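Source file: upload.cif. Holds: mmCIF, C-alpha atoms.
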data_protein
#
loop_
_atom_site.group_PDB
_atom_site.id
_atom_site.type_symbol
_atom_site.label_atom_id
_atom_site.label_comp_id
_atom_site.auth_asym_id
_atom_site.auth_seq_id
_atom_site.Cartn_x
_atom_site.Cartn_y
_atom_site.Cartn_z
ATOM 1 C CA MET A 1 56.260 77.237 136.208
ATOM 2 C CA PRO A 2 55.602 76.012 132.666
ATOM 3 C CA GLN A 3 55.122 79.658 131.636
ATOM 4 C CA ASP A 4 58.575 80.597 133.015
ATOM 5 C CA LEU A 5 60.157 77.496 131.486
ATOM 6 C CA SER A 6 58.667 78.329 128.105
ATOM 7 C CA ALA A 7 59.846 81.940 128.250
ATOM 8 C CA GLU A 8 63.380 81.032 129.438
ATOM 9 C CA LEU A 9 63.713 78.180 126.972
ATOM 10 C CA GLY A 10 62.454 80.484 124.223
ATOM 11 C CA LYS A 11 65.145 83.074 125.081
ATOM 12 C CA LEU A 12 67.876 80.428 125.038
ATOM 13 C CA LEU A 13 66.682 79.010 121.734
ATOM 14 C CA ASP A 14 66.475 82.525 120.251
ATOM 15 C CA GLN A 15 70.085 83.084 121.355
ATOM 16 C CA TYR A 16 71.095 79.731 119.858
ATOM 17 C CA ASP A 17 69.426 80.642 116.552
ATOM 18 C CA ALA A 18 71.126 84.049 116.503
ATOM 19 C CA ASN A 19 74.524 82.449 117.165
ATOM 20 C CA ARG A 20 73.923 79.902 114.423
ATOM 21 C CA ARG A 21 72.913 82.615 111.938
ATOM 22 C CA ALA A 22 76.043 84.612 112.821
ATOM 23 C CA LEU A 23 78.230 81.527 112.332
ATOM 24 C CA ASP A 24 76.560 80.776 108.996
ATOM 25 C CA GLU A 25 77.123 84.377 107.901
ATOM 26 C CA ARG A 26 80.823 84.182 108.892
ATOM 27 C CA LYS A 27 81.157 80.986 106.847
ATOM 28 C CA ARG A 28 79.514 82.651 103.854
ATOM 29 C CA GLN A 29 81.812 85.679 104.235
ATOM 30 C CA VAL A 30 84.910 83.450 104.384
ATOM 31 C CA LYS A 31 83.707 81.698 101.210
ATOM 32 C CA ARG A 32 83.077 85.061 99.484
ATOM 33 C CA ASP A 33 86.540 86.265 100.524
ATOM 34 C CA GLU A 34 88.177 83.069 99.285
ATOM 35 C CA ASP A 35 86.278 83.207 95.988
ATOM 36 C CA GLY A 36 87.220 86.874 95.588
ATOM 37 C CA PHE A 37 90.872 86.058 96.218
ATOM 38 C CA LEU A 38 90.838 83.212 93.680
ATOM 39 C CA ASP A 39 89.043 85.412 91.133
ATOM 40 C CA GLY A 40 91.639 88.125 91.723
ATOM 41 C CA PHE A 41 94.440 85.622 91.210
ATOM 42 C CA ALA A 42 92.819 84.362 87.995
ATOM 43 C CA GLN A 43 92.686 87.942 86.681
ATOM 44 C CA LEU A 44 96.274 88.563 87.754
ATOM 45 C CA ARG A 45 97.374 85.317 86.159
ATOM 46 C CA ALA A 46 95.659 86.133 82.849
ATOM 47 C CA GLY A 47 96.384 89.860 82.705
ATOM 48 C CA VAL A 48 99.855 90.185 84.230
ATOM 49 C CA ILE A 49 101.767 86.957 84.830
ATOM 50 C CA ARG A 50 100.884 84.994 81.682
ATOM 51 C CA PRO A 51 101.684 87.891 79.317
ATOM 52 C CA VAL A 52 105.151 88.267 80.887
ATOM 53 C CA PHE A 53 105.704 84.509 80.665
ATOM 54 C CA GLU A 54 104.542 84.437 77.027
ATOM 55 C CA ALA A 55 106.746 87.385 76.022
ATOM 56 C CA SER A 56 109.716 85.798 77.784
ATOM 57 C CA GLY A 57 108.998 82.482 76.099
ATOM 58 C CA ALA A 58 109.080 84.149 72.692
ATOM 59 C CA ILE A 59 112.442 85.766 73.483
ATOM 60 C CA LEU A 60 113.830 82.454 74.773
ATOM 61 C CA LYS A 61 112.573 80.614 71.690
ATOM 62 C CA ALA A 62 114.195 83.165 69.386
ATOM 63 C CA ARG A 63 117.493 82.381 71.125
ATOM 64 C CA GLY A 64 117.143 78.597 70.793
ATOM 65 C CA HIS A 65 115.686 77.813 74.213
ATOM 66 C CA ASP A 66 112.254 76.462 74.995
ATOM 67 C CA SER A 67 109.717 77.091 77.721
ATOM 68 C CA ASP A 68 106.376 75.816 78.869
ATOM 69 C CA ILE A 69 103.662 77.572 80.850
ATOM 70 C CA LEU A 70 101.726 75.395 83.277
ATOM 71 C CA GLU A 71 98.522 76.504 85.007
ATOM 72 C CA ARG A 72 96.432 74.838 87.667
ATOM 73 C CA GLU A 73 93.120 75.867 89.164
ATOM 74 C CA SER A 74 92.400 75.625 92.866
ATOM 75 C CA ALA A 75 90.295 72.643 93.857
ATOM 76 C CA ARG A 76 88.897 71.269 97.085
ATOM 77 C CA GLU A 77 89.596 67.577 97.356
ATOM 78 C CA PRO A 78 87.691 65.000 99.411
ATOM 79 C CA GLY A 79 88.512 65.405 103.061
ATOM 80 C CA GLY A 80 88.767 69.193 102.768
ATOM 81 C CA LYS A 81 92.311 69.344 101.368
ATOM 82 C CA VAL A 82 92.801 72.257 98.981
ATOM 83 C CA SER A 83 95.096 72.207 95.970
ATOM 84 C CA GLU A 84 96.328 75.703 95.260
ATOM 85 C CA ALA A 85 95.929 77.620 92.016
ATOM 86 C CA SER A 86 99.174 78.364 90.230
ATOM 87 C CA ILE A 87 100.948 79.448 87.102
ATOM 88 C CA ALA A 88 104.514 78.488 86.327
ATOM 89 C CA ILE A 89 107.017 78.828 83.548
ATOM 90 C CA GLN A 90 109.541 76.087 83.007
ATOM 91 C CA VAL A 91 112.635 76.931 80.969
ATOM 92 C CA MET A 92 114.392 74.271 78.933
ATOM 93 C CA PRO A 93 117.842 75.702 78.102
ATOM 94 C CA ALA A 94 119.238 75.107 74.629
ATOM 95 C CA GLY A 95 121.200 71.883 74.432
ATOM 96 C CA MET A 96 119.336 70.159 77.244
ATOM 97 C CA GLU A 97 117.234 67.119 76.458
ATOM 98 C CA ALA A 98 113.583 67.225 77.363
ATOM 99 C CA SER A 99 112.720 64.696 80.020
ATOM 100 C CA PRO A 100 109.437 63.022 80.904
ATOM 101 C CA GLN A 101 110.267 63.482 84.587
ATOM 102 C CA VAL A 102 108.905 66.139 86.915
ATOM 103 C CA ASN A 103 109.428 69.776 85.902
ATOM 104 C CA ALA A 104 111.853 70.346 88.786
ATOM 105 C CA GLN A 105 114.599 69.196 86.420
ATOM 106 C CA PHE A 106 114.588 72.523 84.619
ATOM 107 C CA PRO A 107 114.608 76.085 85.894
ATOM 108 C CA SER A 108 111.106 77.179 86.786
ATOM 109 C CA LEU A 109 109.282 80.098 88.320
ATOM 110 C CA ALA A 110 105.846 79.692 89.865
ATOM 111 C CA PHE A 111 103.233 81.942 91.407
ATOM 112 C CA VAL A 112 101.130 79.825 93.775
ATOM 113 C CA THR A 113 98.140 80.844 95.872
ATOM 114 C CA ARG A 114 98.130 80.335 99.624
ATOM 115 C CA HIS A 115 94.386 80.286 100.287
ATOM 116 C CA TYR A 116 94.728 80.139 104.081
ATOM 117 C CA ASN A 117 96.297 83.600 104.296
ATOM 118 C CA ARG A 118 95.244 84.913 100.887
ATOM 119 C CA THR A 119 98.740 85.506 99.568
ATOM 120 C CA VAL A 120 100.673 84.415 96.516
ATOM 121 C CA CYS A 121 103.962 82.629 97.041
ATOM 122 C CA VAL A 122 106.708 82.992 94.450
ATOM 123 C CA LEU A 123 108.686 79.766 94.077
ATOM 124 C CA ALA A 124 111.733 79.216 91.908
ATOM 125 C CA THR A 125 114.288 76.587 91.139
ATOM 126 C CA ASN A 126 117.408 77.087 89.090
ATOM 127 C CA ALA A 127 118.126 73.392 88.734
ATOM 128 C CA VAL A 128 119.763 72.777 85.403
ATOM 129 C CA PRO A 129 119.063 69.312 85.174
ATOM 130 C CA LYS A 130 119.312 67.873 88.597
ATOM 131 C CA PRO A 131 116.995 65.047 89.649
ATOM 132 C CA SER A 132 115.904 66.716 92.870
ATOM 133 C CA GLY A 133 115.935 70.424 92.138
ATOM 134 C CA ALA A 134 114.015 71.802 95.099
ATOM 135 C CA ALA A 135 112.017 74.967 94.684
ATOM 136 C CA GLY A 136 112.930 77.854 96.931
ATOM 137 C CA SER A 137 110.468 80.454 98.151
ATOM 138 C CA ARG A 138 111.138 84.013 97.091
ATOM 139 C CA GLY A 139 108.414 85.444 99.271
ATOM 140 C CA ASP A 140 104.713 85.832 99.799
ATOM 141 C CA TYR A 141 102.832 88.749 98.262
ATOM 142 C CA GLN A 142 99.388 90.267 98.443
ATOM 143 C CA LEU A 143 97.596 90.309 95.076
ATOM 144 C CA ALA A 144 97.970 94.100 94.877
ATOM 145 C CA GLN A 145 101.759 93.803 95.225
ATOM 146 C CA ILE A 146 102.155 91.679 92.114
ATOM 147 C CA ASP A 147 102.638 93.669 88.953
ATOM 148 C CA THR A 148 104.463 93.345 85.653
ATOM 149 C CA ALA A 149 107.688 94.719 87.134
ATOM 150 C CA LEU A 150 107.736 92.122 89.930
ATOM 151 C CA VAL A 151 107.056 89.244 87.524
ATOM 152 C CA GLN A 152 109.780 90.487 85.167
ATOM 153 C CA ASP A 153 112.270 90.885 88.049
ATOM 154 C CA GLU A 154 111.581 87.366 89.306
ATOM 155 C CA LEU A 155 111.956 85.944 85.809
ATOM 156 C CA LEU A 156 115.239 87.784 85.296
ATOM 157 C CA LYS A 157 116.525 86.388 88.623
ATOM 158 C CA LEU A 158 115.600 82.905 87.398
ATOM 159 C CA ILE A 159 117.471 83.321 84.130
ATOM 160 C CA ALA A 160 120.442 84.976 85.903
ATOM 161 C CA GLY A 161 120.637 81.975 88.232
ATOM 162 C CA MET A 162 120.608 79.677 85.229
ATOM 163 C CA VAL A 163 123.327 81.649 83.430
ATOM 164 C CA ASN A 164 125.559 82.070 86.463
ATOM 165 C CA LYS A 165 125.757 78.352 87.300
#

Hey, can you dump this file as structure tokens for me?
Amino acid sequence: MPQDLSAELGKLLDQYDANRRALDERKRQVKRDEDGFLDGFAQLRAGVIRPVFEASGAILKARGHDSDILERESAREPGGKVSEASIAIQVMPAGMEASPQVNAQFPSLAFVTRHYNRTVCVLATNAVPKPSGAAGSRGDYQLAQIDTALVQDELLKLIAGMVNK
């Protein structure tokens, strides 16, 4: 009997070890996928989104307006909560006073990661100063869907919403 017990227990423990290795590999793959997504967003942010924001900021400045580009890296906080990576442009229209309050007071356009489904959400607010200007979602995109034309279109919609108030 001890021989059979040893063989059966050995098979079960081998199966347990195989399951554990497979689970560990899935966890590593999820981490690689998440890191790849965040790296892709960082490249997109630096190579596509930021240049459009900077060029737009220069045009706005030449016309007497101001803008600010805000970037945030993704971070895992204690307890597992994740803060998303993002890049946003905040437009301060000419004649409006700068305020120390939250950037929702001025029109803004943000590209924010959604790590759980590996998409980028485009958020915008056209609040020209309003204490509680809520950001509205303009859609979720795969990294490959975001290009210069999309960023420019979203920025033009933001400015059109500001002008047509």

Q: Work out how far CA of Glu73 (chain A) is from CA of Lys61 (chain A), in Å to one decimal.
A: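 Computing it gives 26.6 Å between the two atoms.
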
Q: Could you please determine the separation between CA of Gly80 (chain A) and CA of Thr113 (chain A) in Å, to one decimal place?
A: 16.5 Å

**Q.** Surrounding residues of Gly95 (chain A) excluding itself and chain neighbours under 2 positions, 9 Å, all atoms listed in the file, as a list in words
**A.** Gly64, His65, Met92, Pro93 and Glu97 of chain A

Q) Could you write out as a list in words the residues that the PyMOL selection byres ((chain A and resi 138) around 12) matches in the shown file? A)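 Selection result, ordered by chain and number: Leu109, Ala110, Phe111, Val112, Val120, Cys121, Val122, Leu123, Ala124, Thr125, Ala135, Gly136, Ser137, Gly139, Asp140, Tyr141, Leu150, Val151, Asp153, Glu154, Leu155, Lys157 and Leu158 of chain A.
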
**Q.** d(CA of Leu60 (chain A), CA of Ser108 (chain A)) in Å
**A.** 13.4 Å

Q. Which residue out of A:Ser56, A:Asn117, A:Gln15, A:Gln152 has the minimum interatomic distance to Gln90 (chain A) when only C-alpha atoms are used?
A.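 Of all the options, A:Ser56 lies closest to Gln90 (chain A).
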
Q) For Ile89 (chain A), which residue among A:Val52, A:Leu156, A:Ala42, A:Leu70 is the nearest when counting only C-alpha atoms? A)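 Of A:Val52, A:Leu156, A:Ala42, A:Leu70, the one nearest Ile89 (chain A), counting only C-alpha atoms, is A:Leu70.
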
(Q) Measuring between only C-alpha atoms, which one of A:Val91, A:Arg72, A:Val82, A:Met162 shows the shortest distance to Glu34 (chain A)? (A)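 Among the listed residues, A:Val82 lies closest to Glu34 (chain A).
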
Q. Closest to Gly47 (chain A) among A:Asp17, A:Glu8, A:Asp33, A:Asp147, using all atoms listed in the file?
A.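 With all atoms listed in the file as the atom set, the closest residue is A:Asp147.
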